[in-house]
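What follows is the content of target.cif (mmCIF, C-alpha atoms).
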```cif
data_upload
loop_
_atom_site.label_atom_id
_atom_site.label_comp_id
_atom_site.auth_asym_id
_atom_site.auth_seq_id
_atom_site.Cartn_x
_atom_site.Cartn_y
_atom_site.Cartn_z
CA MET A 15 25.27 0.59 13.13
CA ILE A 16 21.81 -0.88 12.70
CA ASN A 17 21.68 -4.59 13.51
CA LYS A 18 21.30 -6.39 10.17
CA LYS A 19 19.46 -9.21 11.93
CA ILE A 20 16.57 -7.00 13.07
CA PHE A 21 14.18 -8.72 10.62
CA ASN A 22 15.21 -12.29 11.43
CA ASN A 23 13.14 -12.60 14.62
CA THR A 24 10.42 -15.00 13.48
CA LYS A 25 8.96 -15.40 16.97
CA SER A 26 8.07 -11.71 16.98
CA ALA A 27 7.08 -11.63 13.28
CA PHE A 28 4.55 -14.47 13.51
CA LYS A 29 3.50 -14.13 17.13
CA LEU A 30 -0.16 -13.59 16.19
CA LYS A 31 -0.34 -16.55 13.80
CA SER A 32 -1.76 -19.83 15.08
CA ASN A 33 -0.12 -23.05 13.86
CA ALA A 34 -3.00 -23.53 11.39
CA GLU A 35 -2.54 -19.98 10.02
CA LEU A 36 1.18 -20.58 9.72
CA ASP A 37 0.53 -23.76 7.71
CA ARG A 38 -1.93 -21.93 5.46
CA ALA A 39 0.61 -19.17 4.78
CA ILE A 40 3.30 -21.75 3.95
CA PHE A 41 0.90 -23.47 1.53
CA LEU A 42 -0.13 -20.22 -0.20
CA PHE A 43 3.38 -18.83 -0.59
CA SER A 44 4.54 -22.24 -1.90
CA MET A 45 1.86 -22.01 -4.58
CA MET A 46 2.81 -18.40 -5.40
CA ASN A 47 6.35 -19.53 -6.12
CA TYR A 48 5.04 -20.91 -9.42
CA SER A 49 3.96 -18.18 -11.84
CA SER A 50 2.14 -20.68 -14.10
CA LEU A 51 0.01 -21.78 -11.13
CA VAL A 52 -0.82 -18.16 -10.24
CA LYS A 53 -1.84 -17.40 -13.84
CA ALA A 54 -3.98 -20.53 -14.10
CA GLY A 55 -5.51 -19.93 -10.66
CA SER A 56 -6.31 -16.29 -11.51
CA SER A 57 -8.06 -17.26 -14.75
CA LEU A 58 -9.96 -20.04 -13.03
CA THR A 59 -11.06 -17.73 -10.19
CA LYS A 60 -12.35 -15.07 -12.61
CA LEU A 61 -14.19 -17.68 -14.69
CA SER A 62 -15.72 -19.36 -11.63
CA LEU A 63 -17.05 -16.04 -10.31
CA LYS A 64 -18.39 -15.11 -13.74
CA LEU A 65 -20.25 -18.43 -13.94
CA HIS A 66 -21.46 -17.99 -10.35
CA LEU A 67 -19.83 -21.23 -9.24
CA PRO A 68 -19.74 -21.72 -5.43
CA VAL A 69 -16.05 -20.81 -4.95
CA GLU A 70 -16.40 -17.92 -2.49
CA THR A 71 -16.00 -20.15 0.58
CA LEU A 72 -12.79 -21.60 -0.84
CA ILE A 73 -11.44 -18.12 -1.67
CA LYS A 74 -12.43 -16.86 1.80
CA LYS A 75 -10.68 -19.71 3.62
CA THR A 76 -7.43 -19.35 1.66
CA ILE A 77 -6.17 -16.23 -0.08
CA PHE A 78 -8.84 -13.88 1.39
CA GLU A 79 -7.99 -14.70 5.02
CA GLN A 80 -4.27 -14.36 4.26
CA PHE A 81 -4.48 -10.89 2.67
CA CYS A 82 -7.72 -9.35 4.04
CA GLY A 83 -8.85 -8.40 7.54
CA GLY A 84 -12.48 -9.36 6.94
CA VAL A 85 -15.66 -8.49 5.09
CA THR A 86 -16.59 -5.45 7.24
CA GLU A 87 -14.83 -2.94 9.50
CA ASP A 88 -16.22 -4.83 12.50
CA ASP A 89 -14.57 -8.04 11.25
CA CYS A 90 -11.24 -6.18 11.25
CA LYS A 91 -11.49 -4.84 14.81
CA PRO A 92 -10.00 -7.90 16.62
CA VAL A 93 -7.14 -8.02 14.06
CA ILE A 94 -6.24 -4.35 14.36
CA LYS A 95 -6.48 -4.48 18.17
CA GLU A 96 -4.08 -7.45 18.29
CA MET A 97 -1.65 -5.65 15.98
CA TYR A 98 -1.82 -2.44 18.00
CA ASP A 99 -0.91 -4.40 21.13
CA GLU A 100 2.33 -5.17 19.25
CA ASN A 101 2.82 -1.43 18.47
CA LEU A 102 1.70 -1.96 14.87
CA HIS A 103 -0.80 0.57 13.50
CA CYS A 104 -3.15 -0.03 10.59
CA ILE A 105 -4.86 1.54 7.60
CA LEU A 106 -8.29 0.17 6.75
CA ASP A 107 -8.81 -0.10 3.01
CA TYR A 108 -12.21 -0.89 1.54
CA SER A 109 -10.61 -2.70 -1.42
CA VAL A 110 -13.53 -2.81 -3.84
CA GLU A 111 -12.37 -1.94 -7.37
CA GLY A 112 -13.63 -1.55 -10.91
CA LYS A 113 -16.74 0.55 -10.30
CA LYS A 114 -18.01 2.61 -13.22
CA ASN A 115 -20.97 4.89 -12.50
CA GLU A 116 -21.50 8.12 -10.57
CA GLU A 117 -23.67 6.53 -7.87
CA GLU A 118 -20.93 3.99 -7.14
CA PHE A 119 -18.29 6.75 -7.02
CA ASP A 120 -20.41 8.80 -4.59
CA SER A 121 -20.97 5.70 -2.49
CA ALA A 122 -17.20 4.97 -2.46
CA MET A 123 -16.53 8.55 -1.34
CA GLU A 124 -19.01 8.20 1.53
CA LYS A 125 -17.30 4.95 2.54
CA LYS A 126 -13.90 6.69 2.53
CA LEU A 127 -15.33 9.59 4.58
CA SER A 128 -16.59 7.13 7.18
CA LEU A 129 -13.10 5.53 7.30
CA ILE A 130 -11.50 8.97 7.82
CA GLU A 131 -13.87 9.48 10.75
CA TYR A 132 -13.10 5.99 12.01
CA ALA A 133 -9.37 6.83 11.91
CA LYS A 134 -10.02 9.98 13.94
CA ASP A 135 -11.67 7.98 16.73
CA SER A 136 -9.33 4.99 16.69
CA ASP A 137 -5.80 4.92 18.13
CA GLU A 138 -5.04 1.82 16.08
CA VAL A 139 -5.71 3.48 12.70
CA SER A 140 -3.07 6.04 11.74
CA PHE A 141 -3.93 6.82 8.09
CA ALA A 142 -6.84 6.79 5.67
CA MET A 143 -6.50 6.29 1.93
CA PHE A 144 -8.36 6.39 -1.37
CA LYS A 145 -7.77 5.21 -4.91
CA PRO A 146 -8.36 8.02 -7.46
CA THR A 147 -10.13 5.67 -9.90
CA GLY A 148 -12.32 4.48 -7.01
CA ILE A 149 -14.04 7.90 -7.01
CA GLY A 150 -13.89 8.78 -10.71
CA ARG A 151 -13.86 7.03 -14.06
CA PHE A 152 -10.39 5.94 -15.26
CA GLU A 153 -11.07 7.42 -18.70
CA ILE A 154 -11.74 10.92 -17.33
CA TRP A 155 -8.46 10.90 -15.36
CA GLU A 156 -6.74 9.71 -18.56
CA LYS A 157 -8.26 12.43 -20.73
CA VAL A 158 -7.31 15.19 -18.29
CA SER A 159 -3.79 13.72 -17.99
CA GLU A 160 -3.36 13.72 -21.76
CA LYS A 161 -4.79 17.24 -22.07
CA ILE A 162 -7.58 16.06 -24.39
CA SER A 163 -10.40 18.61 -24.58
CA LEU A 164 -13.50 17.57 -22.67
CA SER A 165 -17.12 17.77 -23.74
CA GLU A 166 -19.50 19.80 -21.58
CA ASP A 167 -20.72 16.61 -19.88
CA GLU A 168 -17.15 15.52 -19.24
CA LYS A 169 -16.26 18.92 -17.79
CA GLU A 170 -19.11 18.50 -15.31
CA GLU A 171 -17.97 14.93 -14.58
CA TRP A 172 -14.39 16.11 -13.92
CA GLU A 173 -15.69 18.81 -11.56
CA ARG A 174 -17.52 16.11 -9.60
CA VAL A 175 -14.30 14.05 -9.39
CA LYS A 176 -12.34 17.09 -8.12
CA ASN A 177 -15.08 17.84 -5.60
CA ARG A 178 -14.94 14.27 -4.25
CA VAL A 179 -11.17 14.50 -3.80
CA ASN A 180 -11.50 17.90 -2.10
CA THR A 181 -14.30 16.62 0.16
CA LEU A 182 -12.05 13.80 1.40
CA CYS A 183 -8.98 16.01 1.87
CA LYS A 184 -10.96 18.76 3.58
CA ARG A 185 -12.50 16.29 6.03
CA ALA A 186 -9.10 14.74 6.77
CA HIS A 187 -7.72 18.23 7.42
CA GLU A 188 -10.63 19.14 9.72
CA LEU A 189 -10.16 15.97 11.77
CA GLY A 190 -6.35 15.95 11.71
CA VAL A 191 -6.21 12.57 9.95
CA ARG A 192 -3.44 11.65 7.49
CA LEU A 193 -4.85 10.71 4.07
CA TYR A 194 -3.05 9.45 0.98
CA ALA A 195 -4.01 8.93 -2.64
CA ASP A 196 -2.88 5.61 -4.07
CA GLY A 197 -0.73 5.46 -7.21
CA GLU A 198 -2.07 4.15 -10.50
CA GLU A 199 -1.12 3.72 -14.18
CA THR A 200 1.08 6.42 -15.75
CA TRP A 201 -1.43 7.39 -18.40
CA MET A 202 -3.89 8.66 -15.78
CA GLN A 203 -1.40 9.66 -13.07
CA THR A 204 -0.51 13.19 -14.24
CA SER A 205 -3.99 14.53 -13.46
CA ALA A 206 -3.91 12.80 -10.04
CA ASP A 207 -0.45 14.30 -9.31
CA GLU A 208 -1.65 17.79 -10.23
CA LEU A 209 -4.81 17.48 -8.17
CA MET A 210 -2.98 16.10 -5.13
CA GLU A 211 -0.41 18.90 -5.36
CA GLU A 212 -3.33 21.34 -5.28
CA MET A 213 -4.69 19.54 -2.18
CA MET A 214 -1.28 19.68 -0.43
CA GLN A 215 -1.02 23.38 -1.19
CA LYS A 216 -4.45 23.87 0.33
CA TYR A 217 -4.22 21.60 3.39
CA ASN A 218 -0.51 21.03 4.21
CA LYS A 219 0.33 24.55 5.32
CA ASP A 220 1.09 23.79 8.97
CA GLU A 221 1.29 20.00 9.18
CA VAL A 222 1.48 17.19 6.66
CA LEU A 223 -1.88 15.44 6.41
CA ILE A 224 -2.28 14.94 2.64
CA PHE A 225 0.05 12.49 0.87
CA ASN A 226 0.48 11.48 -2.76
CA THR A 227 2.02 8.21 -3.94
CA LEU A 228 5.23 8.07 -5.97
CA GLN A 229 5.83 4.76 -7.76
CA CYS A 230 9.62 4.56 -7.95
CA TYR A 231 9.77 1.96 -10.69
CA ARG A 232 9.11 5.05 -12.82
CA TRP A 233 12.50 6.50 -13.71
CA ASP A 234 11.16 10.09 -13.61
CA ARG A 235 9.91 10.14 -10.02
CA LEU A 236 12.98 11.53 -8.23
CA ASP A 237 13.08 14.49 -10.63
CA TYR A 238 9.33 14.91 -10.15
CA LEU A 239 9.81 15.00 -6.36
CA LYS A 240 12.61 17.56 -6.61
CA GLY A 241 10.43 19.79 -8.82
CA LEU A 242 7.51 19.40 -6.40
CA HIS A 243 9.83 20.33 -3.52
CA GLU A 244 10.86 23.57 -5.29
CA ARG A 245 7.23 24.48 -5.95
CA ALA A 246 6.28 23.67 -2.34
CA GLU A 247 9.03 25.92 -0.97
CA GLN A 248 7.88 28.79 -3.20
CA ALA A 249 4.19 28.33 -2.39
CA GLY A 250 4.70 27.66 1.34
CA PHE A 251 3.32 24.17 1.79
CA LYS A 252 4.72 20.83 2.92
CA ILE A 253 4.84 17.54 1.02
CA GLY A 254 3.45 14.16 2.01
CA ALA A 255 5.22 11.49 -0.05
CA LYS A 256 4.18 7.86 0.02
CA ILE A 257 6.96 6.03 -1.80
CA VAL A 258 6.55 2.54 -3.22
CA ARG A 259 8.25 0.56 -5.96
CA GLY A 260 5.06 0.13 -8.00
CA ALA A 261 2.31 -2.27 -8.96
CA TYR A 262 1.69 -2.13 -12.72
CA MET A 263 5.05 -2.97 -14.30
CA GLU A 264 3.95 -5.64 -16.79
CA LYS A 265 0.95 -3.58 -17.89
CA GLU A 266 3.09 -0.43 -18.29
CA ASN A 267 5.78 -2.16 -20.38
CA ALA A 268 3.21 -3.94 -22.57
CA ARG A 269 1.36 -0.69 -23.32
CA ALA A 270 4.58 1.20 -24.11
CA LYS A 271 5.63 -1.55 -26.53
CA LYS A 272 2.22 -1.75 -28.18
CA LEU A 273 1.89 2.02 -28.69
CA GLY A 274 5.57 2.56 -29.53
CA TYR A 275 6.73 4.96 -26.82
CA ASP A 276 9.63 4.71 -24.35
CA SER A 277 8.64 2.72 -21.27
CA PRO A 278 8.20 4.89 -18.18
CA ILE A 279 9.53 1.97 -16.09
CA CYS A 280 13.17 1.58 -15.01
CA GLU A 281 15.09 -0.83 -17.24
CA SER A 282 15.80 -3.36 -14.48
CA LYS A 283 14.97 -4.38 -10.92
CA GLU A 284 18.40 -3.00 -9.87
CA ALA A 285 17.64 0.38 -11.45
CA THR A 286 14.29 0.47 -9.63
CA ASP A 287 16.05 -0.28 -6.34
CA VAL A 288 18.53 2.57 -6.92
CA ASN A 289 15.69 4.94 -7.80
CA PHE A 290 13.63 3.96 -4.74
CA ASN A 291 16.60 4.29 -2.38
CA SER A 292 17.59 7.67 -3.87
CA THR A 293 14.03 8.96 -3.48
CA LEU A 294 13.94 7.60 0.09
CA SER A 295 17.25 9.33 0.91
CA TYR A 296 16.02 12.61 -0.60
CA CYS A 297 12.92 12.54 1.63
CA LEU A 298 14.88 11.72 4.78
CA ASN A 299 17.36 14.52 4.00
CA HIS A 300 14.52 17.08 3.70
CA LEU A 301 12.26 16.17 6.62
CA GLU A 302 11.68 19.84 7.39
CA ASP A 303 9.58 19.98 4.18
CA ILE A 304 8.71 16.34 3.41
CA SER A 305 6.98 13.68 5.51
CA VAL A 306 7.59 10.21 4.13
CA PHE A 307 5.51 7.05 4.16
CA ILE A 308 7.86 4.20 3.19
CA GLY A 309 5.82 1.45 1.57
CA THR A 310 8.30 -1.36 1.01
CA HIS A 311 8.68 -5.11 1.38
CA ASN A 312 12.39 -4.78 0.67
CA GLU A 313 14.73 -5.40 3.60
CA VAL A 314 17.68 -3.51 2.09
CA SER A 315 15.61 -0.34 1.63
CA SER A 316 14.26 -0.70 5.17
CA TYR A 317 17.80 -1.06 6.58
CA LEU A 318 18.87 2.01 4.57
CA ALA A 319 16.08 4.11 6.10
CA LEU A 320 16.96 2.92 9.63
CA GLN A 321 20.67 3.65 9.04
CA ILE A 322 19.99 7.18 7.71
CA MET A 323 17.76 7.87 10.71
CA GLU A 324 20.48 6.69 13.07
CA ASP A 325 23.24 8.64 11.26
CA LYS A 326 21.19 11.84 11.33
CA GLY A 327 20.12 11.39 14.95
CA ILE A 328 16.44 11.19 14.00
CA SER A 329 14.20 9.75 16.72
CA ILE A 330 12.94 6.26 15.81
CA ASP A 331 9.34 7.37 16.40
CA ASP A 332 9.62 10.69 14.51
CA ASP A 333 6.08 11.38 13.32
CA ARG A 334 7.30 12.41 9.85
CA ILE A 335 8.48 8.86 9.04
CA TRP A 336 6.23 5.82 8.68
CA PHE A 337 7.00 2.30 7.46
CA SER A 338 4.28 0.27 5.81
CA GLN A 339 3.66 -3.23 4.47
CA LEU A 340 0.57 -5.04 3.23
CA TYR A 341 -1.46 -7.29 5.52
CA GLY A 342 -0.38 -10.90 5.06
CA MET A 343 3.05 -10.00 3.71
CA SER A 344 6.47 -9.16 5.20
CA ASP A 345 5.39 -9.59 8.81
CA HIS A 346 9.08 -9.99 9.66
CA ILE A 347 9.59 -6.32 8.71
CA SER A 348 6.37 -4.86 10.18
CA TYR A 349 6.28 -6.56 13.57
CA ASN A 350 10.01 -6.24 14.23
CA LEU A 351 9.91 -2.50 13.41
CA GLY A 352 6.89 -2.04 15.70
CA ARG A 353 8.60 -4.03 18.43
CA LYS A 354 11.65 -1.75 18.27
CA GLY A 355 9.46 1.39 18.52
CA TYR A 356 9.42 2.65 14.92
CA ASN A 357 6.21 3.98 13.35
CA ALA A 358 5.02 0.85 11.57
CA VAL A 359 1.67 0.33 9.88
CA LYS A 360 -0.14 -2.44 8.00
CA LEU A 361 -2.57 -1.82 5.15
CA VAL A 362 -5.56 -4.01 6.04
CA PRO A 363 -7.99 -4.50 3.12
CA PHE A 364 -11.58 -5.54 3.69
CA GLY A 365 -14.78 -5.94 1.68
CA PRO A 366 -17.15 -8.58 0.31
CA VAL A 367 -15.17 -11.61 -0.92
CA ARG A 368 -16.40 -11.39 -4.51
CA ASP A 369 -15.65 -7.66 -4.74
CA VAL A 370 -12.07 -7.85 -3.43
CA VAL A 371 -11.00 -10.63 -5.82
CA PRO A 372 -9.28 -8.14 -8.23
CA TYR A 373 -7.20 -6.87 -5.29
CA LEU A 374 -6.37 -10.44 -4.18
CA LEU A 375 -5.29 -11.51 -7.66
CA ARG A 376 -2.96 -8.49 -7.86
CA ARG A 377 -1.39 -9.53 -4.56
CA ALA A 378 -0.82 -13.07 -5.83
CA GLN A 379 0.68 -11.80 -9.09
CA GLU A 380 2.86 -9.27 -7.26
CA ASN A 381 4.31 -12.00 -5.04
CA THR A 382 5.10 -14.05 -8.11
CA SER A 383 6.72 -11.23 -10.09
CA VAL A 384 9.00 -9.81 -7.37
CA LYS A 385 12.15 -11.88 -7.57
CA GLY A 386 13.07 -13.53 -4.27
CA GLN A 387 10.22 -12.05 -2.26
CA THR A 388 8.07 -15.17 -2.02
CA GLY A 389 11.14 -17.31 -1.30
CA ARG A 390 12.09 -15.04 1.61
CA GLU A 391 8.55 -15.19 3.05
CA LEU A 392 8.57 -18.99 2.75
CA SER A 393 11.95 -19.48 4.39
CA LEU A 394 10.93 -17.33 7.38
CA LEU A 395 7.56 -19.08 7.77
CA ARG A 396 9.27 -22.48 7.66
CA GLU A 397 11.90 -21.28 10.12
CA GLU A 398 9.15 -20.26 12.56
CA LYS A 399 7.44 -23.64 12.15
CA LYS A 400 10.75 -25.36 12.93
CA ARG A 401 11.29 -23.06 15.95
CA ARG A 402 7.84 -23.93 17.33
CA ARG A 403 8.48 -27.64 16.87
CA GLY A 404 11.76 -27.18 18.77
CA ASP A 405 9.97 -25.31 21.58
CA LYS A 406 7.37 -28.05 21.76
CA SER A 407 9.89 -30.88 21.89
CA THR A 408 11.98 -29.01 24.50
CA LYS A 409 8.85 -28.52 26.62
CA HIS A 410 7.90 -32.17 26.19
CA HIS A 411 11.42 -33.24 27.12
CA ARG A 412 11.33 -31.11 30.30
CA GLU A 413 8.02 -32.66 31.29
#
```
Turn this file's structure into structure tokens for me.
Amino acid sequence: MINKKIFNNTKSAFKLKSNAELDRAIFLFSMMNYSSLVKAGSSLTKLSLKLHLPVETLIKKTIFEQFCGGVTEDDCKPVIKEMYDENLHCILDYSVEGKKNEEEFDSAMEKKLSLIEYAKDSDEVSFAMFKPTGIGRFEIWEKVSEKISLSEDEKEEWERVKNRVNTLCKRAHELGVRLYADGEETWMQTSADELMEEMMQKYNKDEVLIFNTLQCYRWDRLDYLKGLHERAEQAGFKIGAKIVRGAYMEKENARAKKLGYDSPICESKEATDVNFNSTLSYCLNHLEDISVFIGTHNEVSSYLALQIMEDKGISIDDDRIWFSQLYGMSDHISYNLGRKGYNAVKLVPFGPVRDVVPYLLRRAQENTSVKGQTGRELSLLREEKKRRRGDKSTKHHRE
């Protein structure tokens, strides 16, 4: 049986945090416990940036340093080296969002290509990633998803989007680098799913390098995966599945209500948990065809994966199974998995402070909306602070 206390080792979880960083994390997660504060803070941050008020230093010293590795790749190097020394890999994510024109999309693709090449040459970096709407307009993904006929200009635009995706996947395949497409809102996701399936069919013949994201708060994702598995078996390719719970729940439910269709989101947190765990189990029971990237901050789901691996006699460092958490969150899962020898990876965002604010606000809101998550982070951080005080007083007493 897997030891249920594997994630309780705070000394290992927060080994890389200085006392000052520990205090900052305690302060931030205390604030995030109050949804009204997060909402007010988000609005104030957006307004301050819009009015060009000098708030970037404040943002950088607080929420940015908690959830981002730095402004540039070079800023991230000391962080990812320290993590790798603890057997924790990383994914570098240039987390700049909300771009709109073709030049910006081409520039984003070039940035992602350089990160794929960086991953090839760096032991510490085990995956590369891209956000579909980072390299193509949201509205074009939406139109293709909803099977709305495109104008001639839009057809050309969609071809450019497909070419960018293929350029990234082809380069990842040439260099032997794992690459995943992030998940987004349901009303644009169908076209991304279809395109990523095409990429897997093209580039996952011998080994799994191309992954697509399944957001398991969608009640249809397990059936989608089973259908994809059947098609993959028939067409002779393997599946890369990044499974997460999901990041757009409030937006999804609000849109469904406004437009009068059934919500694509599971009816409760419990139903989402069941769906995630069933999808996780399905992947681990079909490892001959499916490589799985388990993106979760949930301890129960992490235990489940470890238990299935043990029951099935799967090696803890089997290259078809990766565990992932976001930088600045759930260190008690990431570092303790790495310490035990599992394939563990942190997503490390970087970018100019002003440009990564949308990403940072999502992180703050996510921590507020996931019941119990912020409380768990806080209790572990406080426990580590108490442990360090105890160590200090013991040392002082000995002296």
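Proximity of A:Glu118, A:Glu160, A:Asp107, A:Glu302 to Tyr373 in chain A, computed with all atoms listed in the file, is greatest for A:Asp107.
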Given the file shown, determine the residues that the PyMOL selection byres ((chain A and resi 311-316) around 9) selects; report them as an mmCIF file with C-alpha atoms, in the coordinates of the input.
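The result, written out as result_5.cif:
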```
data_model
loop_
_atom_site.group_PDB
_atom_site.id
_atom_site.type_symbol
_atom_site.label_atom_id
_atom_site.label_comp_id
_atom_site.auth_asym_id
_atom_site.auth_seq_id
_atom_site.Cartn_x
_atom_site.Cartn_y
_atom_site.Cartn_z
ATOM 1 C CA PHE A 21 14.180 -8.720 10.620
ATOM 2 C CA ASP A 287 16.050 -0.280 -6.340
ATOM 3 C CA PHE A 290 13.630 3.960 -4.740
ATOM 4 C CA ASN A 291 16.600 4.290 -2.380
ATOM 5 C CA LEU A 294 13.940 7.600 0.090
ATOM 6 C CA ILE A 308 7.860 4.200 3.190
ATOM 7 C CA GLY A 309 5.820 1.450 1.570
ATOM 8 C CA THR A 310 8.300 -1.360 1.010
ATOM 9 C CA TYR A 317 17.800 -1.060 6.580
ATOM 10 C CA LEU A 318 18.870 2.010 4.570
ATOM 11 C CA ALA A 319 16.080 4.110 6.100
ATOM 12 C CA LEU A 320 16.960 2.920 9.630
ATOM 13 C CA GLN A 321 20.670 3.650 9.040
ATOM 14 C CA PHE A 337 7.000 2.300 7.460
ATOM 15 C CA SER A 338 4.280 0.270 5.810
ATOM 16 C CA GLN A 339 3.660 -3.230 4.470
ATOM 17 C CA LEU A 340 0.570 -5.040 3.230
ATOM 18 C CA MET A 343 3.050 -10.000 3.710
ATOM 19 C CA SER A 344 6.470 -9.160 5.200
ATOM 20 C CA ILE A 347 9.590 -6.320 8.710
ATOM 21 C CA GLN A 387 10.220 -12.050 -2.260
#
```
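Atom to atom, CA of Lys75 in chain A and CA of His103 in chain A stand 24.6 Å apart.
Those residues that approach Tyr194 in chain A to within 8 Å, counting all atoms listed in the file, are Phe141, Ala142, Met143, Phe144, Arg192, Asp196, Ile224, Phe225, Asn226, Thr227 and Lys256 of chain A; same-chain residues fewer than 2 positions away are not listed.
When all atoms listed in the file are used to compute distances to Gln379 in chain A, the closest of the residues A:Lys91, A:Lys53, A:Lys283, A:His66 turns out to be A:Lys53.
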- line: Residue with the minimum atom-to-atom distance to Met213 in chain A, picked from A:Gln229, A:Asn177, A:Asn23, A:Ser295 with all atoms listed in the file counted, is A:Asn177
- prompt: Of the residues A:Asn180, A:Tyr356, A:Ile77, A:Leu239, which is the one nearest to His300 in chain A, using only C-alpha atoms?
  reply: A:Leu239
- request: Taking the file as shown, find all residues satisfying the PyMOL selection byres ((chain A and resi 368) around 12) and write them as number ranges by chain.
  value: A: 59-60, 62-64, 66-74, 78, 85, 109-111, 364-367, 369-375
Residues selected by the PyMOL selection byres ((chain A and resi 394) around 10), written as a PyMOL selection string: chain A and resi 21-25+27-28+40+344-346+389-393+395-400
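Proximity to Glu79 in chain A was assessed for A:Ser50, A:Glu380, A:Gly342, A:Ile257 counting all atoms listed in the file; the smallest distance is recorded for A:Gly342.
Across A:Met45, A:Lys29, A:Asp135, A:Asp332, the tightest approach to Asp99 in chain A is made by A:Lys29 when counting all atoms listed in the file.
In this structure, CA of Lys126 in chain A sits 13.6 Å away from CA of Leu189 in chain A.
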Padding of 5 Å on every side, edges along x, y and z, all listed atoms of range 200-214 of chain A included: what centre and edge lengths in Å, to one decimal, does that box have, as lines of an AutoDock Vina configuration file?
```
center_x = -1.9
center_y = 13.9
center_z = -9.4
size_x = 15.9
size_y = 24.9
size_z = 28.0
```
- request: Might you pull out every residue within 12 Å of Leu228 in chain A, with only C-alpha atoms counted and same-chain residues fewer than 2 positions away left off, and present them as a ChimeraX atom specification?
  value: /A:194-200,203-204,206-207,210,225-226,230-239,242,253-261,289-290,293-294,297,306-309
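Rounded to one decimal, CA of Glu100 in chain A and CA of Gly83 in chain A lie 16.5 Å from each other.
Every polymer residue reaching to within 12 Å of (-13.1, 4.8, -15.9), counting all atoms listed in the file, appears in this list: Glu111, Gly112, Lys113, Lys114, Asn115, Glu116, Glu118, Phe119, Pro146, Thr147, Gly148, Ile149, Gly150, Arg151, Phe152, Glu153, Ile154, Trp155, Glu156, Lys157, Glu168, Glu171, Trp172, Val175 and Met202 of chain A.
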